[in-house]
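Containing CSV, C-alpha atoms: my_file.csv.
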chain,number,residue,atom,x,y,z
A,1,MET,CA,70.0,-50.0,6.4
A,2,LEU,CA,72.1,-50.0,3.3
A,3,ASN,CA,75.2,-52.2,3.1
A,4,ARG,CA,78.0,-49.7,2.4
A,5,ARG,CA,80.0,-51.9,0.1
A,6,GLN,CA,77.0,-52.5,-2.1
A,7,PHE,CA,77.3,-48.9,-3.2
A,8,VAL,CA,79.0,-48.3,-6.5
A,9,ILE,CA,78.7,-45.3,-8.9
A,10,GLY,CA,80.0,-46.0,-12.3
A,11,THR,CA,82.6,-48.6,-13.4
A,12,GLY,CA,85.4,-46.5,-14.8
A,13,ALA,CA,88.7,-48.3,-15.5
A,14,ALA,CA,91.5,-47.7,-13.1
A,15,VAL,CA,94.3,-45.4,-14.2
A,16,THR,CA,97.6,-47.2,-14.7
A,17,GLY,CA,101.0,-46.2,-15.7
A,18,GLY,CA,103.7,-43.9,-14.5
A,19,ALA,CA,102.6,-42.9,-11.0
A,20,VAL,CA,105.3,-43.0,-8.3
A,21,THR,CA,104.9,-43.3,-4.6
A,22,SER,CA,105.7,-40.3,-2.4
A,23,SER,CA,107.1,-40.3,1.2
A,24,THR,CA,103.5,-40.2,2.4
A,25,GLY,CA,102.5,-43.3,0.5
A,26,ILE,CA,100.3,-41.4,-1.9
A,27,ALA,CA,100.9,-41.9,-5.6
A,28,ALA,CA,102.4,-38.7,-7.1
A,29,ALA,CA,102.2,-38.2,-10.8
A,30,GLU,CA,105.0,-36.6,-12.7
A,31,ASP,CA,104.0,-33.0,-13.7
A,32,SER,CA,104.2,-34.0,-17.4
A,33,GLU,CA,101.7,-36.8,-16.8
A,34,CYS,CA,99.2,-34.5,-15.0
A,35,TRP,CA,99.3,-32.3,-18.0
A,36,ASP,CA,99.1,-35.1,-20.6
A,37,ARG,CA,95.9,-34.1,-22.4
A,38,SER,CA,95.5,-37.3,-24.4
A,39,GLY,CA,93.6,-39.1,-21.6
A,40,ALA,CA,94.6,-41.5,-18.9
A,41,ASP,CA,95.8,-44.2,-21.2
A,42,GLY,CA,95.5,-42.5,-24.6
A,43,ALA,CA,92.5,-44.5,-25.5
A,44,ASP,CA,89.4,-43.4,-27.4
A,45,PRO,CA,86.8,-42.7,-24.7
A,46,ASN,CA,84.1,-44.1,-27.0
A,47,ALA,CA,85.9,-47.4,-26.9
A,48,ARG,CA,85.1,-47.8,-23.2
A,49,ASP,CA,82.6,-50.5,-22.3
A,50,ASP,CA,80.9,-48.3,-19.7
A,51,ARG,CA,79.8,-44.7,-19.4
A,52,ALA,CA,80.1,-42.3,-16.6
A,53,THR,CA,77.1,-42.0,-14.2
A,54,VAL,CA,75.0,-38.8,-15.0
A,55,ILE,CA,74.4,-37.0,-11.7
A,56,ALA,CA,72.0,-34.0,-11.9
A,57,HIS,CA,73.5,-31.2,-9.8
A,58,ARG,CA,70.7,-29.8,-7.7
A,59,GLY,CA,68.4,-31.3,-10.3
A,60,PHE,CA,70.3,-29.8,-13.3
A,61,ALA,CA,70.6,-26.3,-11.8
A,62,GLY,CA,71.7,-24.7,-15.1
A,63,ALA,CA,68.4,-25.7,-16.7
A,64,TYR,CA,65.8,-25.8,-13.9
A,65,PRO,CA,65.1,-23.9,-10.6
A,66,GLU,CA,67.6,-25.6,-8.4
A,67,ASN,CA,66.8,-27.9,-5.6
A,68,THR,CA,63.0,-27.8,-6.2
A,69,VAL,CA,60.5,-30.6,-6.7
A,70,GLY,CA,60.0,-29.4,-10.3
A,71,ALA,CA,63.7,-29.7,-11.0
A,72,PHE,CA,63.9,-33.2,-9.6
A,73,GLU,CA,60.8,-34.3,-11.6
A,74,LEU,CA,62.2,-32.9,-14.8
A,75,ALA,CA,65.7,-34.3,-14.2
A,76,THR,CA,64.5,-37.8,-13.7
A,77,GLN,CA,61.6,-38.1,-16.1
A,78,GLY,CA,62.1,-40.5,-19.0
A,79,GLY,CA,60.3,-40.7,-22.3
A,80,THR,CA,59.2,-42.8,-25.2
A,81,ASP,CA,62.2,-41.8,-27.4
A,82,ASP,CA,66.0,-42.0,-27.0
A,83,ALA,CA,66.5,-38.3,-26.8
A,84,ALA,CA,64.3,-38.0,-23.6
A,85,ASN,CA,66.0,-41.0,-22.1
A,86,ARG,CA,69.4,-39.6,-22.7
A,87,ARG,CA,68.5,-36.5,-20.7
A,88,ARG,CA,67.4,-38.5,-17.7
A,89,ALA,CA,69.7,-38.4,-14.7
A,90,ASP,CA,71.0,-41.7,-13.2
A,91,TRP,CA,71.4,-39.8,-9.9
A,92,VAL,CA,70.2,-36.6,-8.4
A,93,GLU,CA,72.4,-34.4,-6.1
A,94,LEU,CA,70.6,-32.2,-3.6
A,95,ASP,CA,71.6,-30.1,-0.5
A,96,VAL,CA,70.1,-30.1,3.0
A,97,TYR,CA,70.0,-27.8,6.0
A,98,PRO,CA,67.9,-27.9,9.2
A,99,THR,CA,65.4,-25.2,9.8
A,100,LEU,CA,65.1,-23.4,13.1
A,101,GLU,CA,62.9,-26.3,14.5
A,102,GLY,CA,65.1,-29.0,13.0
A,103,ASP,CA,62.9,-29.8,9.9
A,104,ILE,CA,65.1,-30.7,6.9
A,105,ALA,CA,65.0,-28.2,4.0
A,106,VAL,CA,66.5,-28.8,0.5
A,107,PHE,CA,68.5,-25.7,-0.3
A,108,HIS,CA,72.1,-24.9,-1.2
A,109,ASP,CA,73.0,-21.5,0.1
A,110,THR,CA,73.3,-20.6,3.8
A,111,GLU,CA,71.2,-17.4,3.3
A,112,LEU,CA,67.7,-17.7,1.8
A,113,ASP,CA,67.9,-14.3,0.2
A,114,ASP,CA,70.5,-15.5,-2.3
A,115,LEU,CA,67.8,-17.4,-4.2
A,116,THR,CA,64.5,-16.5,-2.7
A,117,ASP,CA,62.4,-13.5,-1.6
A,118,ILE,CA,63.0,-14.4,2.1
A,119,GLU,CA,65.9,-13.1,4.2
A,120,GLY,CA,67.9,-15.0,6.9
A,121,ALA,CA,70.0,-18.2,7.3
A,122,VAL,CA,68.1,-21.4,6.7
A,123,TYR,CA,69.0,-22.8,10.1
A,124,GLU,CA,67.8,-19.6,11.9
A,125,THR,CA,64.4,-19.4,10.1
A,126,PRO,CA,61.2,-21.1,11.1
A,127,ALA,CA,60.2,-24.0,8.9
A,128,GLU,CA,56.9,-22.5,7.8
A,129,THR,CA,58.8,-19.5,6.4
A,130,VAL,CA,61.5,-21.6,4.7
A,131,PHE,CA,59.0,-23.8,3.0
A,132,GLU,CA,57.0,-20.9,1.7
A,133,ALA,CA,60.0,-19.2,0.1
A,134,GLU,CA,59.8,-19.0,-3.7
A,135,VAL,CA,63.0,-20.1,-5.5
A,136,LEU,CA,64.3,-17.9,-8.3
A,137,GLU,CA,60.8,-16.5,-9.0
A,138,SER,CA,59.9,-19.9,-10.5
A,139,GLY,CA,56.7,-20.5,-8.7
A,140,GLN,CA,58.5,-23.4,-7.0
A,141,THR,CA,59.1,-23.2,-3.2
A,142,VAL,CA,61.9,-24.7,-1.0
A,143,PRO,CA,60.9,-28.3,-0.5
A,144,SER,CA,61.4,-30.5,2.6
A,145,LEU,CA,63.6,-33.5,2.2
A,146,ASP,CA,60.4,-35.7,2.3
A,147,GLU,CA,58.9,-33.8,-0.6
A,148,ALA,CA,62.2,-34.0,-2.6
A,149,MET,CA,62.5,-37.8,-2.0
A,150,ASP,CA,58.8,-38.3,-3.0
A,151,ALA,CA,59.6,-36.6,-6.3
A,152,ILE,CA,62.6,-38.8,-7.2
A,153,PRO,CA,61.8,-42.2,-8.7
A,154,ALA,CA,63.0,-45.2,-6.6
A,155,GLU,CA,65.4,-46.3,-9.4
A,156,THR,CA,67.2,-43.0,-9.3
A,157,GLY,CA,70.1,-42.6,-6.8
A,158,VAL,CA,70.2,-39.6,-4.5
A,159,ASN,CA,73.4,-37.9,-3.4
A,160,ILE,CA,72.6,-35.8,-0.3
A,161,ASP,CA,75.0,-33.0,0.3
A,162,LEU,CA,75.1,-32.1,4.0
A,163,LYS,CA,75.5,-28.4,4.7
A,164,GLU,CA,76.4,-26.7,7.9
A,165,GLY,CA,73.5,-26.6,10.5
A,166,SER,CA,75.2,-23.9,12.6
A,167,PRO,CA,77.6,-21.0,12.3
A,168,ASP,CA,79.8,-22.6,14.9
A,169,VAL,CA,81.0,-25.6,12.8
A,170,GLN,CA,84.3,-25.6,11.0
A,171,PHE,CA,84.7,-26.1,7.3
A,172,GLY,CA,87.0,-28.9,6.2
A,173,ARG,CA,89.1,-30.7,8.7
A,174,VAL,CA,88.6,-30.4,12.5
A,175,GLU,CA,91.2,-31.0,15.2
A,176,ASP,CA,88.6,-32.9,17.3
A,177,PRO,CA,85.3,-33.6,15.5
A,178,ALA,CA,83.8,-34.8,18.8
A,179,THR,CA,83.6,-31.2,20.0
A,180,GLU,CA,81.0,-30.5,17.2
A,181,ARG,CA,78.9,-33.5,17.8
A,182,GLU,CA,76.0,-31.6,19.2
A,183,GLU,CA,75.9,-29.2,16.3
A,184,TRP,CA,75.4,-32.2,13.9
A,185,GLU,CA,72.6,-34.0,15.7
A,186,TRP,CA,70.1,-33.0,13.0
A,187,LEU,CA,71.8,-35.5,10.7
A,188,GLU,CA,69.9,-38.2,12.5
A,189,THR,CA,66.7,-36.8,11.0
A,190,VAL,CA,68.2,-36.7,7.6
A,191,VAL,CA,69.2,-40.3,7.7
A,192,GLU,CA,65.9,-41.3,9.2
A,193,ILE,CA,64.0,-39.7,6.3
A,194,ALA,CA,66.3,-40.7,3.5
A,195,THR,CA,66.6,-44.4,4.4
A,196,ASP,CA,62.8,-44.7,4.5
A,197,TYR,CA,62.9,-44.7,0.7
A,198,GLU,CA,64.2,-47.4,-1.7
A,199,ASN,CA,66.6,-45.1,-3.6
A,200,GLU,CA,70.3,-45.9,-3.5
A,201,LEU,CA,71.9,-43.2,-1.4
A,202,LEU,CA,75.2,-41.3,-0.9
A,203,PHE,CA,75.7,-38.8,1.9
A,204,SER,CA,78.5,-36.3,1.0
A,205,THR,CA,80.0,-33.3,2.8
A,206,PHE,CA,82.8,-30.8,3.0
A,207,TRP,CA,82.6,-30.8,6.8
A,208,GLU,CA,84.6,-33.4,8.6
A,209,GLY,CA,82.4,-32.9,11.7
A,210,ALA,CA,79.4,-34.0,9.6
A,211,LEU,CA,81.3,-37.0,8.3
A,212,ALA,CA,82.5,-38.0,11.7
A,213,THR,CA,79.0,-37.7,13.2
A,214,LEU,CA,77.3,-39.5,10.3
A,215,THR,CA,79.7,-42.5,10.5
A,216,GLU,CA,79.0,-42.7,14.2
A,217,ILE,CA,75.2,-42.5,14.2
A,218,ALA,CA,74.7,-44.5,10.9
A,219,PRO,CA,77.8,-46.5,10.2
A,220,ASP,CA,76.1,-48.5,7.4
A,221,VAL,CA,75.1,-45.6,5.1
A,222,PRO,CA,77.4,-44.8,2.2
A,223,VAL,CA,79.4,-41.6,2.6
A,224,ALA,CA,81.7,-39.4,0.5
A,225,TYR,CA,84.1,-36.5,1.3
A,226,LEU,CA,83.9,-33.5,-0.9
A,227,LEU,CA,87.5,-32.4,-1.6
A,228,SER,CA,88.4,-28.8,-1.8
A,229,ALA,CA,91.8,-27.3,-0.7
A,230,SER,CA,94.1,-30.3,-0.9
A,231,ILE,CA,94.2,-33.7,-2.7
A,232,GLU,CA,96.5,-35.2,0.0
A,233,GLU,CA,94.2,-34.0,2.8
A,234,GLY,CA,91.2,-35.4,0.9
A,235,ILE,CA,92.8,-38.8,0.6
A,236,ALA,CA,93.7,-38.8,4.3
A,237,VAL,CA,90.1,-38.2,5.2
A,238,THR,CA,89.0,-40.8,2.7
A,239,ASP,CA,91.2,-43.4,4.4
A,240,GLU,CA,90.4,-42.3,8.0
A,241,TYR,CA,86.6,-42.6,7.5
A,242,ASP,CA,86.6,-45.5,5.0
A,243,VAL,CA,84.4,-43.5,2.6
A,244,ASP,CA,82.5,-45.1,-0.3
A,245,ALA,CA,83.3,-42.5,-3.0
A,246,ILE,CA,85.5,-39.5,-3.7
A,247,ASN,CA,83.9,-36.3,-5.0
A,248,PRO,CA,86.5,-33.7,-6.2
A,249,PRO,CA,86.2,-30.5,-8.3
A,250,LEU,CA,87.2,-30.9,-12.0
A,251,ASP,CA,90.4,-28.8,-11.5
A,252,MET,CA,91.8,-31.6,-9.3
A,253,ILE,CA,91.8,-34.2,-12.1
A,254,CYS,CA,95.2,-35.0,-13.4
A,255,ARG,CA,95.7,-35.6,-17.2
A,256,THR,CA,93.1,-33.0,-18.1
A,257,PRO,CA,93.4,-29.4,-19.3
A,258,PHE,CA,91.5,-28.3,-16.2
A,259,PHE,CA,94.1,-29.5,-13.7
A,260,ASP,CA,95.3,-26.6,-11.5
A,261,ASP,CA,99.0,-27.4,-10.6
A,262,GLY,CA,99.2,-24.0,-8.8
A,263,ALA,CA,96.6,-25.0,-6.3
A,264,TYR,CA,97.0,-28.7,-5.8
A,265,GLU,CA,99.6,-31.4,-5.3
A,266,SER,CA,100.7,-33.4,-8.4
A,267,ILE,CA,98.8,-36.5,-7.3
A,268,ASP,CA,96.9,-38.7,-9.6
A,269,LEU,CA,93.6,-38.7,-7.7
A,270,ILE,CA,91.8,-41.1,-10.0
A,271,ALA,CA,94.6,-43.7,-9.6
A,272,GLU,CA,94.4,-43.3,-5.8
A,273,ALA,CA,90.7,-43.7,-5.8
A,274,HIS,CA,90.6,-46.7,-8.1
A,275,ASP,CA,93.4,-48.4,-6.1
A,276,ARG,CA,91.0,-48.2,-3.2
A,277,ASP,CA,88.1,-49.5,-5.4
A,278,LEU,CA,86.3,-46.1,-5.0
A,279,PRO,CA,84.4,-44.3,-7.7
A,280,VAL,CA,85.3,-40.7,-8.5
A,281,ASN,CA,82.4,-38.3,-9.1
A,282,VAL,CA,83.5,-34.9,-10.4
A,283,TRP,CA,81.8,-31.5,-9.9
A,284,THR,CA,80.5,-29.3,-11.4
A,285,ILE,CA,80.4,-29.9,-15.2
A,286,ASN,CA,78.9,-27.3,-17.5
A,287,THR,CA,80.1,-28.3,-21.0
A,288,TRP,CA,80.3,-31.4,-23.2
A,289,TYR,CA,84.0,-30.7,-23.7
A,290,GLU,CA,84.6,-30.9,-19.9
A,291,ALA,CA,82.6,-34.1,-19.8
A,292,GLU,CA,84.6,-35.7,-22.6
A,293,ARG,CA,88.0,-34.8,-21.2
A,294,LEU,CA,87.1,-36.1,-17.7
A,295,LEU,CA,85.7,-39.3,-19.2
A,296,GLU,CA,89.0,-39.8,-21.0
A,297,ALA,CA,90.8,-39.4,-17.7
A,298,GLY,CA,88.8,-42.2,-16.2
A,299,VAL,CA,86.2,-40.6,-13.9
A,300,ASP,CA,83.1,-42.6,-12.9
A,301,GLY,CA,80.4,-40.0,-12.3
A,302,LEU,CA,79.8,-36.5,-13.7
A,303,ILE,CA,77.9,-34.0,-11.6
A,304,LEU,CA,76.2,-31.9,-14.3
A,305,ASP,CA,74.4,-28.6,-14.4
A,306,TYR,CA,72.8,-29.3,-17.8
A,307,SER,CA,71.0,-32.4,-19.0
A,308,GLU,CA,71.7,-31.7,-22.7
A,309,ILE,CA,75.4,-32.5,-22.2
A,310,VAL,CA,74.6,-36.2,-22.3
A,311,ARG,CA,73.4,-35.9,-25.9
A,312,TRP,CA,77.0,-35.3,-27.2
A,313,GLY,CA,80.2,-37.2,-27.8
A,314,ALA,CA,81.5,-39.6,-25.3
A,315,LEU,CA,78.5,-39.5,-23.1
A,316,GLU,CA,76.2,-40.9,-25.7
A,317,ARG,CA,74.6,-43.7,-23.7
A,318,TYR,CA,72.1,-45.3,-26.1
Mind converting the file's structure to structure tokens?
Amino acid sequence: MLNRRQFVIGTGAAVTGGAVTSSTGIAAAEDSECWDRSGADGADPNARDDRATVIAHRGFAGAYPENTVGAFELATQGGTDDAANRRRADWVELDVYPTLEGDIAVFHDTELDDLTDIEGAVYETPAETVFEAEVLESGQTVPSLDEAMDAIPAETGVNIDLKEGSPDVQFGRVEDPATEREEWEWLETVVEIATDYENELLFSTFWEGALATLTEIAPDVPVAYLLSASIEEGIAVTDEYDVDAINPPLDMICRTPFFDDGAYESIDLIAEAHDRDLPVNVWTINTWYEAERLLEAGVDGLILDYSEIVRWGALERY
């Protein structure tokens, strides 16, 4: 089993400067600081000694048929020239559901007909039907977790996004996660499969019930909470479950032009994460401009839809 504290994504410098402490103990940035578009410290991002980790979102979903063996192979293949190597992902992000029988399918949406020629929720559909479903008319079918892991080289990290395995589980925080324990028992199979491989792993989720169950059944595996509605709530969950990474959307990142002050508290999330010695992996990045601004702000990992983004600007890695 993995040692949780051996897990690190990226080595971004911590944000320093004018953060103040709120009554909750969480560093709150002044509004002007959250809208400072010059970067976390005004420094040239190309002057950093490190680069953000490149994480292929569903196997670079903007370029390849998402969450398929073909996408994972293309996202992780290297080459004999620098251009090919620059397009190679450091990590792959993929999503998992249980099928009706409890087999683990790699798929993002709850309903199969959103992306395939088959109807029905993944967790209500027999495994044989799920694994025969063609993804986006690509000729690629929905893979099992075993097939996906087989396609990803051992030196490539795997971020496994845990989706709901039942319509009865609650999104986000839960008053008493123990009440959902039975609904998340399928996570034991996920852990059993994934930890049989040599890849570095991160298990992430929006569902507190999944996080609570996972830390109970496999306390040594690295975990991350996917932030959504609130920065303060996300930090509270981070502290409660002693997670190993923070994975927020790009509009939660202070000191970037994407920060949504109408939706979120004025809290410097990167400063909070780095104070806890945690990497920040931001989703979902679609342009090199977004990547550069986030790198300036000090993020550690970029969850990308397109491999070509790494050929530009601050993400030049070779």
Set the distance at 10 Å and use all atoms listed in the file: which residues neighbour Glu128 in chain A once local chain neighbours fewer than 3 positions away are removed? I'd like the list as a list of chain:residue names.
A:Thr99, A:Leu100, A:Glu101, A:Asp103, A:Thr125, A:Phe131, A:Glu132, A:Ala133
The selected residues should be written to file as a compact mmCIF listing (two decimals), in the coordinates of the input (atoms: C-alpha atoms).
# COMPACT_ATOMS: atom_id res chain seq x y z
CA THR A 99 65.40 -25.20 9.80
CA LEU A 100 65.10 -23.40 13.10
CA GLU A 101 62.90 -26.30 14.50
CA ASP A 103 62.90 -29.80 9.90
CA THR A 125 64.40 -19.40 10.10
CA PHE A 131 59.00 -23.80 3.00
CA GLU A 132 57.00 -20.90 1.70
CA ALA A 133 60.00 -19.20 0.10
May I have the protein, DNA and RNA residues with any atom at most 10 Å from the point (58.5, -21.5, -10.7), counting only C-alpha atoms, written as a PDB file with C-alpha atoms, in the frame of the given file?
ATOM      1  CA  TYR A  64      65.800 -25.800 -13.900  1.00  0.00           C
ATOM      2  CA  PRO A  65      65.100 -23.900 -10.600  1.00  0.00           C
ATOM      3  CA  THR A  68      63.000 -27.800  -6.200  1.00  0.00           C
ATOM      4  CA  GLY A  70      60.000 -29.400 -10.300  1.00  0.00           C
ATOM      5  CA  ALA A  71      63.700 -29.700 -11.000  1.00  0.00           C
ATOM      6  CA  GLU A 134      59.800 -19.000  -3.700  1.00  0.00           C
ATOM      7  CA  VAL A 135      63.000 -20.100  -5.500  1.00  0.00           C
ATOM      8  CA  LEU A 136      64.300 -17.900  -8.300  1.00  0.00           C
ATOM      9  CA  GLU A 137      60.800 -16.500  -9.000  1.00  0.00           C
ATOM     10  CA  SER A 138      59.900 -19.900 -10.500  1.00  0.00           C
ATOM     11  CA  GLY A 139      56.700 -20.500  -8.700  1.00  0.00           C
ATOM     12  CA  GLN A 140      58.500 -23.400  -7.000  1.00  0.00           C
ATOM     13  CA  THR A 141      59.100 -23.200  -3.200  1.00  0.00           C
TER      14      THR A 141
END
Would you mind reading off the distance between CA of Val54 in chain A and CA of Phe259 in chain A, one decimal, in Å?
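Distance between the two atoms: 21.3 Å.
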Rounded to one decimal, what separation in Å do you get between CA of Leu278 in chain A and CA of Leu226 in chain A?
13.5 Å
Excluding same-chain residues fewer than 6 positions from Val158 in chain A, what lies within 8 Å of it counting all atoms listed in the file, as a PDB file with C-alpha atoms, in the coordinates of the input?
ATOM      1  CA  TRP A  91      71.400 -39.800  -9.900  1.00  0.00           C
ATOM      2  CA  VAL A  92      70.200 -36.600  -8.400  1.00  0.00           C
ATOM      3  CA  GLU A  93      72.400 -34.400  -6.100  1.00  0.00           C
ATOM      4  CA  LEU A  94      70.600 -32.200  -3.600  1.00  0.00           C
ATOM      5  CA  ASN A 199      66.600 -45.100  -3.600  1.00  0.00           C
ATOM      6  CA  GLU A 200      70.300 -45.900  -3.500  1.00  0.00           C
ATOM      7  CA  LEU A 201      71.900 -43.200  -1.400  1.00  0.00           C
ATOM      8  CA  LEU A 202      75.200 -41.300  -0.900  1.00  0.00           C
TER       9      LEU A 202
END
